[in-house]
$ cat upload_6.cif   # mmCIF, C-alpha atoms
data_coords
loop_
_atom_site.group_PDB
_atom_site.id
_atom_site.type_symbol
_atom_site.label_atom_id
_atom_site.label_comp_id
_atom_site.auth_asym_id
_atom_site.auth_seq_id
_atom_site.Cartn_x
_atom_site.Cartn_y
_atom_site.Cartn_z
ATOM 1 C CA MET H 1 -168.904 -73.018 99.946
ATOM 2 C CA SER H 2 -168.695 -70.620 97.044
ATOM 3 C CA ASP H 3 -171.387 -68.228 98.292
ATOM 4 C CA CYS H 4 -170.240 -68.060 101.922
ATOM 5 C CA LEU H 5 -168.934 -64.617 102.940
ATOM 6 C CA PHE H 6 -166.425 -65.999 105.451
ATOM 7 C CA CYS H 7 -165.207 -68.706 103.047
ATOM 8 C CA LYS H 8 -164.476 -65.935 100.537
ATOM 9 C CA MET H 9 -162.482 -64.087 103.192
ATOM 10 C CA VAL H 10 -160.543 -67.252 104.059
ATOM 11 C CA ALA H 11 -159.825 -67.844 100.348
ATOM 12 C CA GLY H 12 -158.742 -64.242 99.821
ATOM 13 C CA THR H 13 -161.375 -63.463 97.188
ATOM 14 C CA ILE H 14 -162.741 -60.808 99.550
ATOM 15 C CA PRO H 15 -159.685 -59.000 100.880
ATOM 16 C CA VAL H 16 -159.887 -58.174 104.553
ATOM 17 C CA PRO H 17 -157.107 -57.442 107.031
ATOM 18 C CA PHE H 18 -156.556 -60.348 109.396
ATOM 19 C CA VAL H 19 -155.735 -59.547 113.005
ATOM 20 C CA TYR H 20 -154.664 -63.182 113.429
ATOM 21 C CA GLN H 21 -154.115 -66.231 111.251
ATOM 22 C CA ASP H 22 -152.913 -69.770 111.796
ATOM 23 C CA ASP H 23 -153.353 -73.118 110.054
ATOM 24 C CA HIS H 24 -156.929 -73.484 111.280
ATOM 25 C CA ALA H 25 -158.442 -70.015 111.590
ATOM 26 C CA ILE H 26 -158.428 -66.379 110.647
ATOM 27 C CA ALA H 27 -159.549 -63.488 112.815
ATOM 28 C CA ILE H 28 -160.927 -60.131 111.736
ATOM 29 C CA ALA H 29 -162.302 -57.043 113.431
ATOM 30 C CA ASP H 30 -166.113 -57.055 113.570
ATOM 31 C CA ILE H 31 -167.590 -54.378 111.293
ATOM 32 C CA HIS H 32 -170.253 -53.577 113.922
ATOM 33 C CA PRO H 33 -168.251 -53.734 117.165
ATOM 34 C CA GLN H 34 -170.168 -54.204 120.403
ATOM 35 C CA ALA H 35 -167.115 -53.527 122.597
ATOM 36 C CA PRO H 36 -163.817 -51.658 122.209
ATOM 37 C CA THR H 37 -162.283 -54.985 121.148
ATOM 38 C CA HIS H 38 -164.614 -57.128 119.026
ATOM 39 C CA ILE H 39 -162.857 -59.784 116.977
ATOM 40 C CA LEU H 40 -164.375 -62.640 114.963
ATOM 41 C CA VAL H 41 -162.427 -65.904 115.031
ATOM 42 C CA ILE H 42 -163.395 -67.883 111.925
ATOM 43 C CA PRO H 43 -162.382 -71.459 111.134
ATOM 44 C CA LYS H 44 -160.898 -72.027 107.699
ATOM 45 C CA LYS H 45 -163.066 -75.133 107.432
ATOM 46 C CA HIS H 46 -166.674 -74.315 106.601
ATOM 47 C CA LEU H 47 -169.129 -75.335 109.309
ATOM 48 C CA ALA H 48 -172.524 -73.656 109.081
ATOM 49 C CA SER H 49 -172.774 -73.401 112.880
ATOM 50 C CA ILE H 50 -171.686 -75.081 116.086
ATOM 51 C CA ALA H 51 -174.822 -77.232 115.708
ATOM 52 C CA HIS H 52 -173.268 -78.706 112.547
ATOM 53 C CA ALA H 53 -170.035 -79.715 114.278
ATOM 54 C CA GLU H 54 -169.397 -83.422 114.669
ATOM 55 C CA ALA H 55 -167.090 -85.402 116.947
ATOM 56 C CA GLU H 56 -164.296 -85.137 114.361
ATOM 57 C CA ASP H 57 -164.449 -81.337 114.717
ATOM 58 C CA GLY H 58 -163.560 -81.404 118.416
ATOM 59 C CA THR H 59 -159.905 -80.618 117.817
ATOM 60 C CA LEU H 60 -160.802 -77.699 115.543
ATOM 61 C CA LEU H 61 -163.189 -76.283 118.143
ATOM 62 C CA GLY H 62 -160.423 -76.417 120.733
ATOM 63 C CA GLN H 63 -158.041 -74.700 118.326
ATOM 64 C CA LEU H 64 -160.572 -71.892 117.811
ATOM 65 C CA LEU H 65 -160.815 -71.310 121.562
ATOM 66 C CA ALA H 66 -157.027 -71.363 121.865
ATOM 67 C CA ALA H 67 -156.802 -68.810 119.042
ATOM 68 C CA ALA H 68 -159.334 -66.580 120.826
ATOM 69 C CA ALA H 69 -157.280 -66.786 124.037
ATOM 70 C CA GLU H 70 -154.080 -65.904 122.153
ATOM 71 C CA ILE H 71 -155.754 -62.926 120.469
ATOM 72 C CA ALA H 72 -157.087 -61.748 123.846
ATOM 73 C CA LYS H 73 -153.535 -61.889 125.208
ATOM 74 C CA GLN H 74 -152.202 -59.972 122.173
ATOM 75 C CA LYS H 75 -154.921 -57.328 122.597
ATOM 76 C CA GLY H 76 -154.093 -56.830 126.283
ATOM 77 C CA LEU H 77 -157.402 -58.115 127.655
ATOM 78 C CA ALA H 78 -155.873 -59.221 130.967
ATOM 79 C CA GLN H 79 -158.886 -57.865 132.911
ATOM 80 C CA GLY H 80 -161.154 -60.326 131.079
ATOM 81 C CA TYR H 81 -163.202 -60.855 127.964
ATOM 82 C CA ARG H 82 -166.253 -62.675 126.714
ATOM 83 C CA ILE H 83 -166.423 -65.382 124.066
ATOM 84 C CA VAL H 84 -169.762 -65.799 122.294
ATOM 85 C CA ILE H 85 -170.945 -68.267 119.652
ATOM 86 C CA ASN H 86 -174.323 -67.381 118.154
ATOM 87 C CA THR H 87 -176.156 -70.368 116.676
ATOM 88 C CA GLY H 88 -179.147 -70.197 114.348
ATOM 89 C CA PRO H 89 -181.592 -67.349 113.775
ATOM 90 C CA ASP H 90 -182.958 -67.345 117.332
ATOM 91 C CA GLY H 91 -179.395 -67.332 118.653
ATOM 92 C CA GLY H 92 -178.509 -64.229 116.641
ATOM 93 C CA GLN H 93 -176.345 -65.914 113.985
ATOM 94 C CA THR H 94 -176.316 -63.764 110.837
ATOM 95 C CA VAL H 95 -173.584 -65.484 108.786
ATOM 96 C CA GLU H 96 -173.956 -69.224 108.266
ATOM 97 C CA HIS H 97 -170.332 -70.057 108.992
ATOM 98 C CA LEU H 98 -169.295 -70.856 112.549
ATOM 99 C CA HIS H 99 -167.437 -68.000 114.203
ATOM 100 C CA ILE H 100 -166.498 -66.904 117.692
ATOM 101 C CA HIS H 101 -167.029 -63.351 118.908
ATOM 102 C CA LEU H 102 -164.249 -62.158 121.212
ATOM 103 C CA LEU H 103 -165.410 -59.084 123.142
ATOM 104 C CA GLY H 104 -163.364 -57.068 125.602
ATOM 105 C CA GLY H 105 -161.934 -53.752 126.580
ATOM 106 C CA ARG H 106 -164.801 -52.855 128.911
ATOM 107 C CA PRO H 107 -166.830 -54.635 131.588
ATOM 108 C CA VAL H 108 -169.484 -56.856 130.025
ATOM 109 C CA LEU H 109 -172.816 -57.225 131.772
ATOM 110 C CA TRP H 110 -174.870 -60.263 132.730
ATOM 111 C CA PRO H 111 -177.299 -61.445 131.576
ATOM 112 C CA PRO H 112 -176.175 -60.798 128.005
ATOM 113 C CA GLY H 113 -179.609 -60.418 126.417
#

$ encode --input "upload_6.cif" --output "C-alpha cells"
Amino acid sequence: MSDCLFCKMVAGTIPVPFVYQDDHAIAIADIHPQAPTHILVIPKKHLASIAHAEAEDGTLLGQLLAAAAEIAKQKGLAQGYRIVINTGPDGGQTVEHLHIHLLGGRPVLWPPG
C-alpha cells in the first residue's frame, strides 16, 4: 500500500535502521518505547491487522513469532519478554499494518491494561 508507513519502511522509501531483517520481516526499535527493549516486528507483506490474516498467512504468522524469538535471544532477554499484537482501535492499534511488539528488559506486569 503506497500510503502505509510500515510499507514505506519495508520498501526503503522511509529510511530507518533495522535491528533485524529476513525474507519475511523487518524489525525496528519502537519510537515510543514502553520497556528498555521495545522492538516492532513487521511483516514485509501488508496485512492491515491480525484480523485480516487468512489461512494462507499461517506460515507468515509463525515466521513473525520465530523472528521475535530470535530477536529476543539476540537482545539477551533470557529472563523473559512479552509479545503483543494490538488489533483495531479498541485494541490500541495505531498503524494499520500488522506488527508485533517485543517488550523486555524489565519485569512486565499483569494484567497489561

$ closest_residue --input "upload_6.cif" --among "H:Gly76, H:Gly58, H:Pro43, H:Pro89" --to "Gly104 (chain H)" --atoms "only C-alpha atoms"
H:Gly76

$ resolve_selection --input "upload_6.cif" --expression "the PyMOL selection byres ((chain H and resi 11-28) around 6)" --output "PDB file with C-alpha atoms, keeping the file's coordinate frame"
ATOM      1  CA  LYS H   8    -164.476 -65.935 100.537  1.00  0.00           C
ATOM      2  CA  MET H   9    -162.482 -64.087 103.192  1.00  0.00           C
ATOM      3  CA  VAL H  10    -160.543 -67.252 104.059  1.00  0.00           C
ATOM      4  CA  ALA H  29    -162.302 -57.043 113.431  1.00  0.00           C
ATOM      5  CA  ILE H  39    -162.857 -59.784 116.977  1.00  0.00           C
ATOM      6  CA  LEU H  40    -164.375 -62.640 114.963  1.00  0.00           C
ATOM      7  CA  VAL H  41    -162.427 -65.904 115.031  1.00  0.00           C
ATOM      8  CA  ILE H  42    -163.395 -67.883 111.925  1.00  0.00           C
ATOM      9  CA  PRO H  43    -162.382 -71.459 111.134  1.00  0.00           C
ATOM     10  CA  LYS H  44    -160.898 -72.027 107.699  1.00  0.00           C
TER      11      LYS H  44
END

$ residues_around --input "upload_6.cif" --residues "Ile50 (chain H)" --least-positions-apart "2" --cutoff "8 Å" --atoms "all atoms listed in the file" --output "JSON, numbers by chain"
{"H": [47, 48, 52, 53, 85, 87, 98]}

$ closest_residue --input "upload_6.cif" --among "H:Ile71, H:Val108, H:Leu61, H:Ala78" --to "Lys45 (chain H)" --atoms "all atoms listed in the file"
H:Leu61

$ resolve_selection --input "upload_6.cif" --expression "the PyMOL selection byres ((chain H and resi 34) around 12)" --output "list in words"
Ala29, Asp30, Ile31, His32, Pro33, Ala35, Pro36, Thr37, His38, Ile39, Leu40, Arg82, Val84, His101, Leu102, Leu103, Gly104, Gly105, Arg106, Pro107, Val108 and Pro112 of chain H

$ atom_distance --input "upload_6.cif" --atom1 "CA of Leu5 (chain H)" --atom2 "CA of Leu77 (chain H)"
28.0 Å

$ atom_distance --input "upload_6.cif" --atom1 "CA of Leu109 (chain H)" --atom2 "CA of Ile83 (chain H)"
12.9 Å

$ atom_distance --input "upload_6.cif" --atom1 "CA of Glu54 (chain H)" --atom2 "CA of Pro111 (chain H)"
28.8 Å

$ residues_around --input "upload_6.cif" --residues "Cys7 (chain H)" --least-positions-apart "4" --cutoff "8 Å" --atoms "all atoms listed in the file" --output "list in words"
Met1, Ser2, Asp3, Ala11, Lys44, His46 and His97 of chain H
